[in-house]
>>> print(open('upload_19.json').read())   # JSON, C-alpha atoms (C1' of nucleotides)
[["chain", "number", "residue", "atom", "x", "y", "z"],
["A", 1, "MET", "CA", 33.10, -69.42, -64.22],
["A", 2, "SER", "CA", 35.85, -71.73, -63.26],
["A", 3, "ASN", "CA", 36.92, -71.56, -59.68],
["A", 4, "LEU", "CA", 40.08, -73.54, -60.20],
["A", 5, "GLU", "CA", 42.32, -70.91, -61.68],
["A", 6, "LEU", "CA", 45.97, -70.39, -60.91],
["A", 7, "SER", "CA", 46.02, -69.04, -57.42],
["A", 8, "VAL", "CA", 49.28, -67.28, -57.83],
["A", 9, "LEU", "CA", 49.25, -65.50, -54.56],
["A", 10, "GLU", "CA", 47.72, -65.71, -51.19],
["A", 11, "PRO", "CA", 44.65, -63.50, -51.03],
["A", 12, "ASP", "CA", 46.51, -60.76, -49.23],
["A", 13, "ALA", "CA", 50.15, -61.54, -49.82],
["A", 14, "THR", "CA", 52.21, -58.44, -49.47],
["A", 15, "PRO", "CA", 53.78, -57.37, -52.74],
["A", 16, "PHE", "CA", 57.48, -58.05, -52.53],
["A", 17, "CYS", "CA", 60.33, -56.16, -54.03],
["A", 18, "PRO", "CA", 61.52, -58.78, -56.35],
["A", 19, "PRO", "CA", 64.62, -60.66, -57.22],
["A", 20, "LEU", "CA", 65.60, -59.81, -60.71],
["A", 21, "THR", "CA", 68.52, -57.71, -59.63],
["A", 22, "SER", "CA", 68.80, -59.09, -56.13],
["A", 23, "ALA", "CA", 68.52, -62.86, -56.33],
["A", 24, "GLU", "CA", 67.81, -65.39, -59.00],
["A", 25, "LEU", "CA", 64.40, -67.01, -59.28],
["A", 26, "SER", "CA", 63.86, -70.48, -57.94],
["A", 27, "GLU", "CA", 62.84, -73.07, -60.46],
["A", 28, "GLN", "CA", 59.33, -73.09, -59.07],
["A", 29, "ASP", "CA", 58.98, -69.32, -59.12],
["A", 30, "ALA", "CA", 60.27, -69.30, -62.67],
["A", 31, "VAL", "CA", 57.51, -71.69, -63.70],
["A", 32, "THR", "CA", 54.87, -69.58, -62.02],
["A", 33, "MET", "CA", 56.06, -66.27, -63.38],
["A", 34, "ALA", "CA", 56.68, -67.66, -66.85],
["A", 35, "ALA", "CA", 53.04, -68.74, -66.98],
["A", 36, "MET", "CA", 51.96, -65.16, -66.33],
["A", 37, "PHE", "CA", 54.22, -63.76, -69.02],
["A", 38, "LYS", "CA", 53.03, -66.42, -71.39],
["A", 39, "ALA", "CA", 49.51, -65.18, -70.97],
["A", 40, "LEU", "CA", 50.54, -61.82, -72.41],
["A", 41, "SER", "CA", 52.80, -63.29, -75.07],
["A", 42, "ASP", "CA", 50.17, -63.26, -77.81],
["A", 43, "PRO", "CA", 49.21, -60.06, -79.64],
["A", 44, "VAL", "CA", 45.51, -60.86, -79.59],
["A", 45, "ARG", "CA", 45.56, -61.60, -75.86],
["A", 46, "LEU", "CA", 47.54, -58.49, -75.16],
["A", 47, "ARG", "CA", 45.02, -56.39, -77.06],
["A", 48, "LEU", "CA", 42.09, -57.98, -75.25],
["A", 49, "PHE", "CA", 43.83, -57.37, -71.96],
["A", 50, "SER", "CA", 44.55, -53.79, -72.95],
["A", 51, "LYS", "CA", 40.98, -53.17, -74.02],
["A", 52, "ILE", "CA", 39.67, -54.36, -70.70],
["A", 53, "ALA", "CA", 42.19, -52.39, -68.67],
["A", 54, "ALA", "CA", 41.47, -49.23, -70.64],
["A", 55, "HIS", "CA", 37.70, -49.66, -70.58],
["A", 56, "GLU", "CA", 35.63, -47.44, -68.38],
["A", 57, "ASP", "CA", 35.15, -48.69, -64.82],
["A", 58, "GLY", "CA", 37.95, -51.15, -65.51],
["A", 59, "GLU", "CA", 35.62, -53.78, -66.84],
["A", 60, "ALA", "CA", 34.23, -54.81, -70.19],
["A", 61, "CYS", "CA", 31.88, -57.43, -71.52],
["A", 62, "VAL", "CA", 33.06, -59.71, -74.28],
["A", 63, "CYS", "CA", 30.91, -57.95, -76.86],
["A", 64, "ASP", "CA", 32.75, -54.71, -76.10],
["A", 65, "ILE", "CA", 36.16, -56.06, -76.96],
["A", 66, "GLN", "CA", 35.70, -58.87, -79.45],
["A", 67, "ASP", "CA", 36.70, -56.78, -82.46],
["A", 68, "VAL", "CA", 40.32, -57.90, -82.64],
["A", 69, "GLY", "CA", 40.31, -59.65, -85.99],
["A", 70, "VAL", "CA", 39.72, -63.23, -84.92],
["A", 71, "SER", "CA", 36.58, -65.31, -84.59],
["A", 72, "GLN", "CA", 34.45, -65.13, -81.50],
["A", 73, "PRO", "CA", 35.37, -68.64, -80.27],
["A", 74, "THR", "CA", 39.00, -67.64, -80.51],
["A", 75, "VAL", "CA", 38.34, -64.56, -78.40],
["A", 76, "SER", "CA", 36.70, -66.77, -75.84],
["A", 77, "HIS", "CA", 39.67, -69.11, -75.92],
["A", 78, "HIS", "CA", 42.11, -66.28, -75.23],
["A", 79, "LEU", "CA", 40.02, -64.87, -72.42],
["A", 80, "LYS", "CA", 40.06, -68.28, -70.83],
["A", 81, "LYS", "CA", 43.85, -68.36, -71.02],
["A", 82, "LEU", "CA", 44.06, -64.97, -69.36],
["A", 83, "ARG", "CA", 41.67, -66.14, -66.67],
["A", 84, "GLU", "CA", 43.65, -69.30, -66.03],
["A", 85, "ALA", "CA", 46.81, -67.25, -65.65],
["A", 86, "GLY", "CA", 45.09, -65.20, -63.01],
["A", 87, "LEU", "CA", 45.27, -61.96, -64.97],
["A", 88, "LEU", "CA", 41.52, -61.60, -65.46],
["A", 89, "THR", "CA", 38.38, -62.42, -63.61],
["A", 90, "GLY", "CA", 35.05, -62.96, -65.32],
["A", 91, "GLU", "CA", 31.56, -62.57, -63.99],
["A", 92, "ARG", "CA", 28.26, -63.26, -65.65],
["A", 93, "ARG", "CA", 25.57, -60.60, -65.28],
["A", 94, "GLY", "CA", 22.44, -61.52, -67.13],
["A", 95, "THR", "CA", 23.16, -62.15, -70.75],
["A", 96, "TRP", "CA", 26.66, -60.73, -70.67],
["A", 97, "VAL", "CA", 29.96, -61.76, -69.13],
["A", 98, "TYR", "CA", 32.09, -58.98, -67.75],
["A", 99, "TYR", "CA", 35.85, -59.20, -67.39],
["A", 100, "ARG", "CA", 38.20, -57.13, -65.27],
["A", 101, "VAL", "CA", 41.91, -57.25, -64.63],
["A", 102, "GLU", "CA", 43.35, -58.66, -61.42],
["A", 103, "PRO", "CA", 45.59, -55.84, -60.19],
["A", 104, "ARG", "CA", 47.54, -57.94, -57.73],
["A", 105, "VAL", "CA", 48.88, -60.36, -60.30],
["A", 106, "VAL", "CA", 49.73, -57.60, -62.75],
["A", 107, "ALA", "CA", 51.55, -55.77, -59.99],
["A", 108, "GLU", "CA", 53.50, -58.91, -59.30],
["A", 109, "MET", "CA", 54.75, -59.02, -62.87],
["A", 110, "ALA", "CA", 55.56, -55.33, -62.88],
["A", 111, "ALA", "CA", 57.48, -55.67, -59.62],
["A", 112, "LEU", "CA", 59.59, -58.46, -61.02],
["A", 113, "LEU", "CA", 60.62, -56.22, -63.89],
["A", 114, "ASP", "CA", 61.42, -53.23, -61.73],
["A", 115, "LEU", "CA", 65.16, -53.30, -62.14],
["A", 116, "ASN", "CA", 65.86, -50.44, -59.81],
["A", 117, "CYS", "CA", 63.54, -51.81, -57.26],
["A", 118, "ARG", "CA", 63.90, -49.05, -54.74],
["A", 119, "ALA", "CA", 61.18, -46.65, -55.80],
["A", 120, "GLY", "CA", 61.72, -43.70, -53.52],
["A", 121, "THR", "CA", 65.23, -42.30, -53.25],
["B", 122, "MET", "CA", 77.09, -61.19, -82.42],
["B", 123, "SER", "CA", 74.07, -60.39, -84.52],
["B", 124, "ASN", "CA", 73.46, -56.73, -85.20],
["B", 125, "LEU", "CA", 69.98, -57.22, -86.55],
["B", 126, "GLU", "CA", 68.00, -57.64, -83.37],
["B", 127, "LEU", "CA", 64.61, -56.22, -82.64],
["B", 128, "SER", "CA", 65.13, -52.53, -82.36],
["B", 129, "VAL", "CA", 62.22, -52.01, -80.11],
["B", 130, "LEU", "CA", 62.89, -48.44, -79.24],
["B", 131, "GLU", "CA", 64.67, -45.48, -80.62],
["B", 132, "PRO", "CA", 68.11, -45.21, -79.05],
["B", 133, "ASP", "CA", 66.96, -42.53, -76.65],
["B", 134, "ALA", "CA", 63.22, -42.75, -76.71],
["B", 135, "THR", "CA", 61.79, -41.32, -73.56],
["B", 136, "PRO", "CA", 60.06, -43.92, -71.44],
["B", 137, "PHE", "CA", 56.36, -43.27, -71.68],
["B", 138, "CYS", "CA", 53.68, -43.79, -69.10],
["B", 139, "PRO", "CA", 51.81, -46.44, -70.86],
["B", 140, "PRO", "CA", 48.36, -47.22, -72.04],
["B", 141, "LEU", "CA", 47.09, -50.18, -70.13],
["B", 142, "THR", "CA", 44.71, -48.15, -68.02],
["B", 143, "SER", "CA", 44.63, -45.09, -70.25],
["B", 144, "ALA", "CA", 44.30, -46.25, -73.85],
["B", 145, "GLU", "CA", 44.24, -49.57, -75.63],
["B", 146, "LEU", "CA", 47.29, -50.78, -77.52],
["B", 147, "SER", "CA", 47.43, -50.44, -81.26],
["B", 148, "GLU", "CA", 47.68, -53.66, -83.20],
["B", 149, "GLN", "CA", 51.30, -52.90, -84.02],
["B", 150, "ASP", "CA", 52.25, -52.08, -80.43],
["B", 151, "ALA", "CA", 50.55, -55.27, -79.32],
["B", 152, "VAL", "CA", 52.73, -57.29, -81.66],
["B", 153, "THR", "CA", 55.87, -55.58, -80.42],
["B", 154, "MET", "CA", 55.08, -55.89, -76.75],
["B", 155, "ALA", "CA", 53.82, -59.46, -77.08],
["B", 156, "ALA", "CA", 57.19, -60.43, -78.53],
["B", 157, "MET", "CA", 58.89, -59.11, -75.41],
["B", 158, "PHE", "CA", 56.57, -60.96, -73.08],
["B", 159, "LYS", "CA", 57.01, -64.09, -75.14],
["B", 160, "ALA", "CA", 60.72, -63.93, -74.50],
["B", 161, "LEU", "CA", 60.06, -64.31, -70.79],
["B", 162, "SER", "CA", 57.29, -66.86, -71.19],
["B", 163, "ASP", "CA", 59.52, -69.89, -70.77],
["B", 164, "PRO", "CA", 60.78, -70.99, -67.34],
["B", 165, "VAL", "CA", 64.26, -71.75, -68.59],
["B", 166, "ARG", "CA", 64.57, -68.37, -70.29],
["B", 167, "LEU", "CA", 63.22, -66.61, -67.25],
["B", 168, "ARG", "CA", 65.79, -68.31, -65.06],
["B", 169, "LEU", "CA", 68.62, -67.45, -67.43],
["B", 170, "PHE", "CA", 67.41, -63.88, -67.49],
["B", 171, "SER", "CA", 67.16, -63.83, -63.72],
["B", 172, "LYS", "CA", 70.62, -65.28, -63.28],
["B", 173, "ILE", "CA", 72.13, -62.60, -65.47],
["B", 174, "ALA", "CA", 70.23, -59.77, -63.82],
["B", 175, "ALA", "CA", 71.19, -61.00, -60.37],
["B", 176, "HIS", "CA", 74.81, -61.65, -61.24],
["B", 177, "GLU", "CA", 77.47, -59.30, -59.96],
["B", 178, "ASP", "CA", 78.17, -56.29, -62.16],
["B", 179, "GLY", "CA", 74.95, -57.12, -64.00],
["B", 180, "GLU", "CA", 76.69, -59.40, -66.43],
["B", 181, "ALA", "CA", 77.46, -63.08, -66.70],
["B", 182, "CYS", "CA", 79.16, -65.38, -69.12],
["B", 183, "VAL", "CA", 77.31, -68.41, -70.41],
["B", 184, "CYS", "CA", 79.37, -70.76, -68.30],
["B", 185, "ASP", "CA", 78.17, -68.95, -65.17],
["B", 186, "ILE", "CA", 74.51, -69.56, -65.85],
["B", 187, "GLN", "CA", 74.20, -72.68, -67.95],
["B", 188, "ASP", "CA", 73.22, -74.90, -65.06],
["B", 189, "VAL", "CA", 69.47, -74.79, -65.62],
["B", 190, "GLY", "CA", 68.77, -78.41, -66.40],
["B", 191, "VAL", "CA", 68.89, -78.35, -70.18],
["B", 192, "SER", "CA", 71.64, -79.05, -72.67],
["B", 193, "GLN", "CA", 74.19, -76.45, -73.69],
["B", 194, "PRO", "CA", 72.75, -75.97, -77.20],
["B", 195, "THR", "CA", 69.37, -75.34, -75.65],
["B", 196, "VAL", "CA", 70.83, -72.68, -73.37],
["B", 197, "SER", "CA", 72.38, -71.04, -76.40],
["B", 198, "HIS", "CA", 69.06, -71.19, -78.22],
["B", 199, "HIS", "CA", 67.25, -69.46, -75.37],
["B", 200, "LEU", "CA", 69.89, -66.77, -75.03],
["B", 201, "LYS", "CA", 69.45, -66.06, -78.71],
["B", 202, "LYS", "CA", 65.73, -65.66, -78.24],
["B", 203, "LEU", "CA", 66.29, -63.21, -75.42],
["B", 204, "ARG", "CA", 68.77, -61.31, -77.56],
["B", 205, "GLU", "CA", 66.39, -61.15, -80.50],
["B", 206, "ALA", "CA", 63.68, -59.78, -78.25],
["B", 207, "GLY", "CA", 66.02, -57.02, -77.19],
["B", 208, "LEU", "CA", 66.13, -58.08, -73.56],
["B", 209, "LEU", "CA", 69.79, -59.07, -73.56],
["B", 210, "THR", "CA", 72.98, -58.00, -75.23],
["B", 211, "GLY", "CA", 75.94, -60.31, -75.70],
["B", 212, "GLU", "CA", 79.59, -59.47, -76.11],
["B", 213, "ARG", "CA", 82.52, -61.77, -76.72],
["B", 214, "ARG", "CA", 85.60, -61.18, -74.62],
["B", 215, "GLY", "CA", 88.30, -63.68, -75.40],
["B", 216, "THR", "CA", 87.06, -67.18, -74.94],
["B", 217, "TRP", "CA", 83.88, -66.17, -73.18],
["B", 218, "VAL", "CA", 80.66, -64.43, -74.16],
["B", 219, "TYR", "CA", 79.18, -62.09, -71.60],
["B", 220, "TYR", "CA", 75.51, -61.22, -71.44],
["B", 221, "ARG", "CA", 73.80, -58.31, -69.74],
["B", 222, "VAL", "CA", 70.21, -57.15, -69.56],
["B", 223, "GLU", "CA", 68.98, -54.20, -71.59],
["B", 224, "PRO", "CA", 67.40, -51.97, -68.95],
["B", 225, "ARG", "CA", 65.44, -49.80, -71.37],
["B", 226, "VAL", "CA", 63.44, -52.65, -72.82],
["B", 227, "VAL", "CA", 62.75, -54.18, -69.44],
["B", 228, "ALA", "CA", 61.62, -50.79, -68.18],
["B", 229, "GLU", "CA", 59.26, -50.59, -71.14],
["B", 230, "MET", "CA", 57.59, -53.82, -70.13],
["B", 231, "ALA", "CA", 57.40, -52.79, -66.49],
["B", 232, "ALA", "CA", 55.87, -49.46, -67.45],
["B", 233, "LEU", "CA", 53.18, -51.15, -69.48],
["B", 234, "LEU", "CA", 52.18, -53.16, -66.44],
["B", 235, "ASP", "CA", 52.14, -50.22, -64.07],
["B", 236, "LEU", "CA", 48.40, -50.03, -63.58],
["B", 237, "ASN", "CA", 48.48, -46.97, -61.39],
["B", 238, "CYS", "CA", 50.86, -45.26, -63.67],
["B", 239, "ARG", "CA", 51.24, -42.07, -61.71],
["B", 240, "ALA", "CA", 54.20, -42.89, -59.50],
["B", 241, "GLY", "CA", 54.70, -39.81, -57.37],
["B", 242, "THR", "CA", 51.16, -38.58, -56.87],
["C", 243, "DC", "C1'", 7.64, -73.31, -74.29],
["C", 244, "DG", "C1'", 10.30, -71.58, -78.30],
["C", 245, "DA", "C1'", 13.12, -68.44, -80.77],
["C", 246, "DC", "C1'", 16.92, -65.50, -80.34],
["C", 247, "DT", "C1'", 21.43, -63.43, -78.66],
["C", 248, "DG", "C1'", 25.75, -63.82, -75.99],
["C", 249, "DA", "C1'", 29.36, -66.74, -74.72],
["C", 250, "DT", "C1'", 31.82, -71.20, -74.00],
["C", 251, "DT", "C1'", 33.20, -75.85, -75.42],
["C", 252, "DC", "C1'", 34.53, -79.38, -78.87],
["C", 253, "DG", "C1'", 37.26, -81.49, -82.52],
["C", 254, "DA", "C1'", 40.48, -80.86, -86.01],
["C", 255, "DC", "C1'", 44.38, -79.02, -88.27],
["C", 256, "DA", "C1'", 48.66, -76.33, -89.41],
["C", 257, "DA", "C1'", 52.29, -73.75, -87.56],
["C", 258, "DG", "C1'", 55.38, -72.75, -83.89],
["C", 259, "DC", "C1'", 58.42, -74.01, -80.13],
["C", 260, "DG", "C1'", 61.57, -76.50, -76.83],
["C", 261, "DT", "C1'", 64.60, -80.05, -76.81],
["C", 262, "DC", "C1'", 68.38, -82.94, -78.15],
["C", 263, "DG", "C1'", 72.91, -84.86, -80.39],
["C", 264, "DA", "C1'", 76.02, -83.83, -83.88],
["C", 265, "DT", "C1'", 78.58, -80.54, -86.07],
["C", 266, "DG", "C1'", 80.76, -76.09, -86.80],
["C", 267, "DT", "C1'", 83.13, -71.72, -85.29],
["C", 268, "DA", "C1'", 86.00, -68.75, -82.23],
["C", 269, "DC", "C1'", 89.63, -68.28, -79.33],
["C", 270, "DT", "C1'", 93.68, -69.95, -76.23],
["C", 271, "DG", "C1'", 97.82, -72.33, -75.20],
["C", 272, "DG", "C1'", 101.40, -75.64, -75.97],
["D", 273, "DC", "C1'", 99.94, -76.24, -86.26],
["D", 274, "DC", "C1'", 97.25, -78.96, -83.23],
["D", 275, "DA", "C1'", 94.62, -80.04, -79.17],
["D", 276, "DG", "C1'", 91.32, -78.23, -76.10],
["D", 277, "DT", "C1'", 87.59, -75.22, -74.29],
["D", 278, "DA", "C1'", 83.54, -72.05, -74.93],
["D", 279, "DC", "C1'", 79.77, -71.09, -77.51],
["D", 280, "DA", "C1'", 76.71, -71.18, -81.69],
["D", 281, "DT", "C1'", 74.31, -73.44, -85.50],
["D", 282, "DC", "C1'", 71.99, -77.40, -87.81],
["D", 283, "DG", "C1'", 68.56, -80.93, -88.50],
["D", 284, "DA", "C1'", 65.19, -83.70, -86.55],
["D", 285, "DC", "C1'", 61.53, -84.93, -83.40],
["D", 286, "DG", "C1'", 57.36, -84.52, -80.47],
["D", 287, "DC", "C1'", 54.43, -81.49, -78.04],
["D", 288, "DT", "C1'", 52.04, -77.18, -77.59],
["D", 289, "DT", "C1'", 49.30, -73.49, -79.35],
["D", 290, "DG", "C1'", 46.36, -70.39, -82.25],
["D", 291, "DT", "C1'", 42.78, -70.76, -85.29],
["D", 292, "DC", "C1'", 38.42, -72.12, -87.22],
["D", 293, "DG", "C1'", 33.43, -74.04, -87.90],
["D", 294, "DA", "C1'", 30.06, -76.60, -85.59],
["D", 295, "DA", "C1'", 27.75, -77.67, -81.62],
["D", 296, "DT", "C1'", 26.41, -76.57, -76.90],
["D", 297, "DC", "C1'", 25.23, -73.92, -72.75],
["D", 298, "DA", "C1'", 23.07, -69.68, -70.45],
["D", 299, "DG", "C1'", 19.68, -66.12, -70.16],
["D", 300, "DT", "C1'", 16.05, -63.00, -72.13],
["D", 301, "DC", "C1'", 11.86, -61.91, -74.16],
["D", 302, "DG", "C1'", 7.49, -62.90, -76.74]]
>>> encode(input="upload_19.json", output="structure tokens")
Amino acid sequence: MSNLELSVLEPDATPFCPPLTSAELSEQDAVTMAAMFKALSDPVRLRLFSKIAAHEDGEACVCDIQDVGVSQPTVSHHLKKLREAGLLTGERRGTWVYYRVEPRVVAEMAALLDLNCRAGT
Amino acid sequence: MSNLELSVLEPDATPFCPPLTSAELSEQDAVTMAAMFKALSDPVRLRLFSKIAAHEDGEACVCDIQDVGVSQPTVSHHLKKLREAGLLTGERRGTWVYYRVEPRVVAEMAALLDLNCRAGT
DNA sequence: CGACTGATTCGACAAGCGTCGATGTACTGG
DNA sequence: CCAGTACATCGACGCTTGTCGAATCAGTCG
């Protein structure tokens, strides 16, 4: 699989409590974050993403999730988009390719949307 | 202002702990949620949204935030998109129009992305 | 090797989207 | 009533994106 995806974060960047209510995004951050949201901005992609996240063991092969009403090349196209946005990782095992969600990037998006930031208290 | 926006939620729908890791989205839910993500999928819109959320008192008039590198009509266009997605509300007060974020809808998106759902153990 | 299945890539096309300048609407103040 | 400011709408343009069928790549099993 491609090894030139969007490396949104350092491997072990600490999740930050994000700006939305505290400070406005920089132009660069806006570009980065917008790309992530864009990945989930299509119903078919969102369903694929959901199917993978909800699948047992947190992973699914393409054949498990390709029943979303579009052709198989289109499914592949959308999975590629999700991969490029950093939301999914794919791994080939024998005949099948298994996808799983990248929790760090998803957490990043969730954190940005956490309007009342402070979780405890 | 328009009173025919996307009514994404019942007025007092209880925020639910969402599917992503528990169950896959229905086709209809996917369409609804994708529309919200789409609203934030453009860097300019994300910056506008950020500027409003970060502004004092949680509201801002267009003149406060329109310095994002695009023309004034384009700013207006993006604000409309955000309104139609339910993420912003706009209110005219005299000469100016003030926008504020709609916390419920944003919380909905954040909840969907909360992979480990269970917040307090 | 050769046939078969799973998955990605390619090329093409229509629809959607972001952008602009020009124009229109809402409100204020002289 | 008229000039000026704030914001929205309109119409047009080019680029992006979702979709497909066809072709290609990867891996398995006779």
>>> interface_residues(input="upload_19.json", of="chain B", to="chain A", cutoff="10 Å", atoms="only C-alpha atoms", output="PyMOL selection string")
chain B and resi 140-177+179+189-190+222+224-225+227-237+240-241
>>> calpha_fit_rmsd(input="upload_19.json", fixed="chain B", moving="chain A")
0.1 Å
>>> residues_around(input="upload_19.json", residues="Thr195 in chain B", least_positions_apart="3", cutoff="9 Å", atoms="only C-alpha atoms (C1' of nucleotides)", output="JSON, numbers by chain")
{"B": [191, 192, 198, 199, 200], "C": [260, 261, 262]}
>>> interface_residues(input="upload_19.json", of="chain B", to="chain D", cutoff="8 Å", atoms="all atoms listed in the file", output="PDB file with C-alpha atoms, in the coordinates of the input")
ATOM      1  CA  VAL B 183      77.310 -68.410 -70.410  1.00  0.00           C
ATOM      2  CA  CYS B 184      79.370 -70.760 -68.300  1.00  0.00           C
ATOM      3  CA  PRO B 194      72.750 -75.970 -77.200  1.00  0.00           C
ATOM      4  CA  SER B 197      72.380 -71.040 -76.400  1.00  0.00           C
ATOM      5  CA  THR B 216      87.060 -67.180 -74.940  1.00  0.00           C
ATOM      6  CA  TRP B 217      83.880 -66.170 -73.180  1.00  0.00           C
ATOM      7  CA  VAL B 218      80.660 -64.430 -74.160  1.00  0.00           C
TER       8      VAL B 218
END
>>> atom_distance(input="upload_19.json", atom1="CA of Glu180 in chain B", atom2="CA of Arg213 in chain B")
12.1 Å
>>> atom_distance(input="upload_19.json", atom1="CA of Lys201 in chain B", atom2="C1' of DA256 in chain C")
25.5 Å
>>> closest_atom_pairs(input="upload_19.json", of="chain C", to="chain B", cutoff="12 Å", atoms="all atoms listed in the file", output="tab-separated table")
residue	atom	partner	partner_atom	distance
C:DC259	C1'	B:Asp163	CA	10.3
C:DG260	C1'	B:Thr195	CA	8.0
C:DT261	C1'	B:Thr195	CA	6.8
C:DC262	C1'	B:Ser192	CA	7.5
C:DG263	C1'	B:Pro194	CA	9.4
C:DA264	C1'	B:Pro194	CA	10.8
C:DT265	C1'	B:Pro194	CA	11.6
C:DT267	C1'	B:Thr216	CA	12.0
C:DA268	C1'	B:Thr216	CA	7.5
C:DC269	C1'	B:Thr216	CA	5.2
C:DT270	C1'	B:Thr216	CA	7.3
C:DG271	C1'	B:Thr216	CA	11.9
>>> atom_distance(input="upload_19.json", atom1="CA of Ile65 in chain A", atom2="C1' of DA249 in chain C")
12.9 Å
>>> decode(input="upload_19.json", residues="range 279-293 of chain D", atoms="N, CA and C atoms (P, O5', C5', C4', C3', O3' and C1' of nucleotides)", output="tab-separated table (two decimals), in the first residue's frame")
chain	number	residue	atom	x	y	z
D	279	DC	P	-21.40	42.86	8.18
D	279	DC	O5'	-22.23	42.06	7.09
D	279	DC	C5'	-23.65	41.93	7.28
D	279	DC	C4'	-24.32	41.51	6.00
D	279	DC	C3'	-23.84	40.18	5.41
D	279	DC	O3'	-24.83	39.19	5.73
D	279	DC	C1'	-24.38	41.82	3.74
D	280	DA	P	-24.78	37.70	5.08
D	280	DA	O5'	-25.62	37.90	3.74
D	280	DA	C5'	-26.96	38.30	3.83
D	280	DA	C4'	-27.63	38.26	2.48
D	280	DA	C3'	-27.52	36.93	1.74
D	280	DA	O3'	-28.81	36.59	1.26
D	280	DA	C1'	-26.72	38.68	0.36
D	281	DT	P	-29.01	35.19	0.51
D	281	DT	O5'	-29.02	35.58	-1.03
D	281	DT	C5'	-29.99	36.49	-1.51
D	281	DT	C4'	-29.74	36.82	-2.97
D	281	DT	C3'	-29.66	35.61	-3.91
D	281	DT	O3'	-30.59	35.82	-4.97
D	281	DT	C1'	-27.85	37.06	-4.28
D	282	DC	P	-30.83	34.63	-6.05
D	282	DC	O5'	-29.98	35.14	-7.30
D	282	DC	C5'	-29.95	36.53	-7.58
D	282	DC	C4'	-29.20	36.79	-8.89
D	282	DC	C3'	-29.12	35.60	-9.82
D	282	DC	O3'	-29.32	36.05	-11.15
D	282	DC	C1'	-26.94	36.34	-9.29
D	283	DG	P	-29.65	34.98	-12.31
D	283	DG	O5'	-28.31	34.98	-13.17
D	283	DG	C5'	-27.65	36.21	-13.43
D	283	DG	C4'	-26.34	35.95	-14.15
D	283	DG	C3'	-26.29	34.66	-14.97
D	283	DG	O3'	-25.55	34.90	-16.16
D	283	DG	C1'	-24.61	34.60	-13.31
D	284	DA	P	-25.29	33.75	-17.25
D	284	DA	O5'	-23.71	33.56	-17.13
D	284	DA	C5'	-22.89	34.72	-17.04
D	284	DA	C4'	-21.46	34.32	-16.75
D	284	DA	C3'	-20.99	33.07	-17.51
D	284	DA	O3'	-19.75	33.35	-18.13
D	284	DA	C1'	-20.57	32.84	-15.18
D	285	DC	P	-19.14	32.36	-19.19
D	285	DC	O5'	-17.86	31.78	-18.47
D	285	DC	C5'	-16.93	32.67	-17.84
D	285	DC	C4'	-16.03	31.86	-16.94
D	285	DC	C3'	-15.62	30.52	-17.56
D	285	DC	O3'	-14.25	30.59	-17.94
D	285	DC	C1'	-16.27	30.32	-15.25
D	286	DG	P	-13.42	29.38	-18.45
D	286	DG	O5'	-12.83	28.65	-17.17
D	286	DG	C5'	-11.81	29.26	-16.38
D	286	DG	C4'	-11.48	28.35	-15.22
D	286	DG	C3'	-10.88	26.99	-15.61
D	286	DG	O3'	-9.87	26.68	-14.66
D	286	DG	C1'	-12.84	26.64	-14.35
D	287	DC	P	-8.87	25.48	-14.93
D	287	DC	O5'	-8.97	24.65	-13.58
D	287	DC	C5'	-9.09	25.36	-12.34
D	287	DC	C4'	-9.71	24.45	-11.31
D	287	DC	C3'	-9.14	23.03	-11.31
D	287	DC	O3'	-8.75	22.73	-9.98
D	287	DC	C1'	-11.53	22.98	-11.43
D	288	DT	P	-8.02	21.32	-9.63
D	288	DT	O5'	-9.19	20.55	-8.87
D	288	DT	C5'	-9.93	21.24	-7.87
D	288	DT	C4'	-11.11	20.41	-7.43
D	288	DT	C3'	-10.78	18.95	-7.11
D	288	DT	O3'	-11.29	18.66	-5.82
D	288	DT	C1'	-12.64	19.10	-8.57
D	289	DT	P	-11.06	17.22	-5.16
D	289	DT	O5'	-12.41	16.47	-5.54
D	289	DT	C5'	-13.65	17.08	-5.22
D	289	DT	C4'	-14.79	16.15	-5.61
D	289	DT	C3'	-14.54	14.69	-5.31
D	289	DT	O3'	-15.73	14.14	-4.83
D	289	DT	C1'	-15.08	14.94	-7.58
D	290	DG	P	-15.72	12.82	-3.91
D	290	DG	O5'	-16.87	11.91	-4.55
D	290	DG	C5'	-18.15	12.45	-4.73
D	290	DG	C4'	-18.90	11.64	-5.78
D	290	DG	C3'	-18.81	10.12	-5.59
D	290	DG	O3'	-20.11	9.56	-5.75
D	290	DG	C1'	-18.07	10.73	-7.77
D	291	DT	P	-20.35	8.00	-5.51
D	291	DT	O5'	-20.27	7.38	-6.96
D	291	DT	C5'	-21.28	7.70	-7.91
D	291	DT	C4'	-20.88	7.26	-9.30
D	291	DT	C3'	-20.39	5.82	-9.41
D	291	DT	O3'	-21.49	4.94	-9.61
D	291	DT	C1'	-19.18	7.34	-10.84
D	292	DC	P	-21.27	3.35	-9.63
D	292	DC	O5'	-20.77	3.05	-11.11
D	292	DC	C5'	-21.61	3.43	-12.20
D	292	DC	C4'	-20.83	3.35	-13.50
D	292	DC	C3'	-20.24	1.97	-13.75
D	292	DC	O3'	-21.07	1.25	-14.64
D	292	DC	C1'	-18.67	3.75	-14.22
D	293	DG	P	-20.79	-0.33	-14.83
D	293	DG	O5'	-19.72	-0.35	-16.02
D	293	DG	C5'	-20.05	0.21	-17.29
D	293	DG	C4'	-18.87	0.08	-18.24
D	293	DG	C3'	-18.37	-1.34	-18.47
D	293	DG	O3'	-17.89	-1.44	-19.82
D	293	DG	C1'	-16.65	-0.07	-17.45
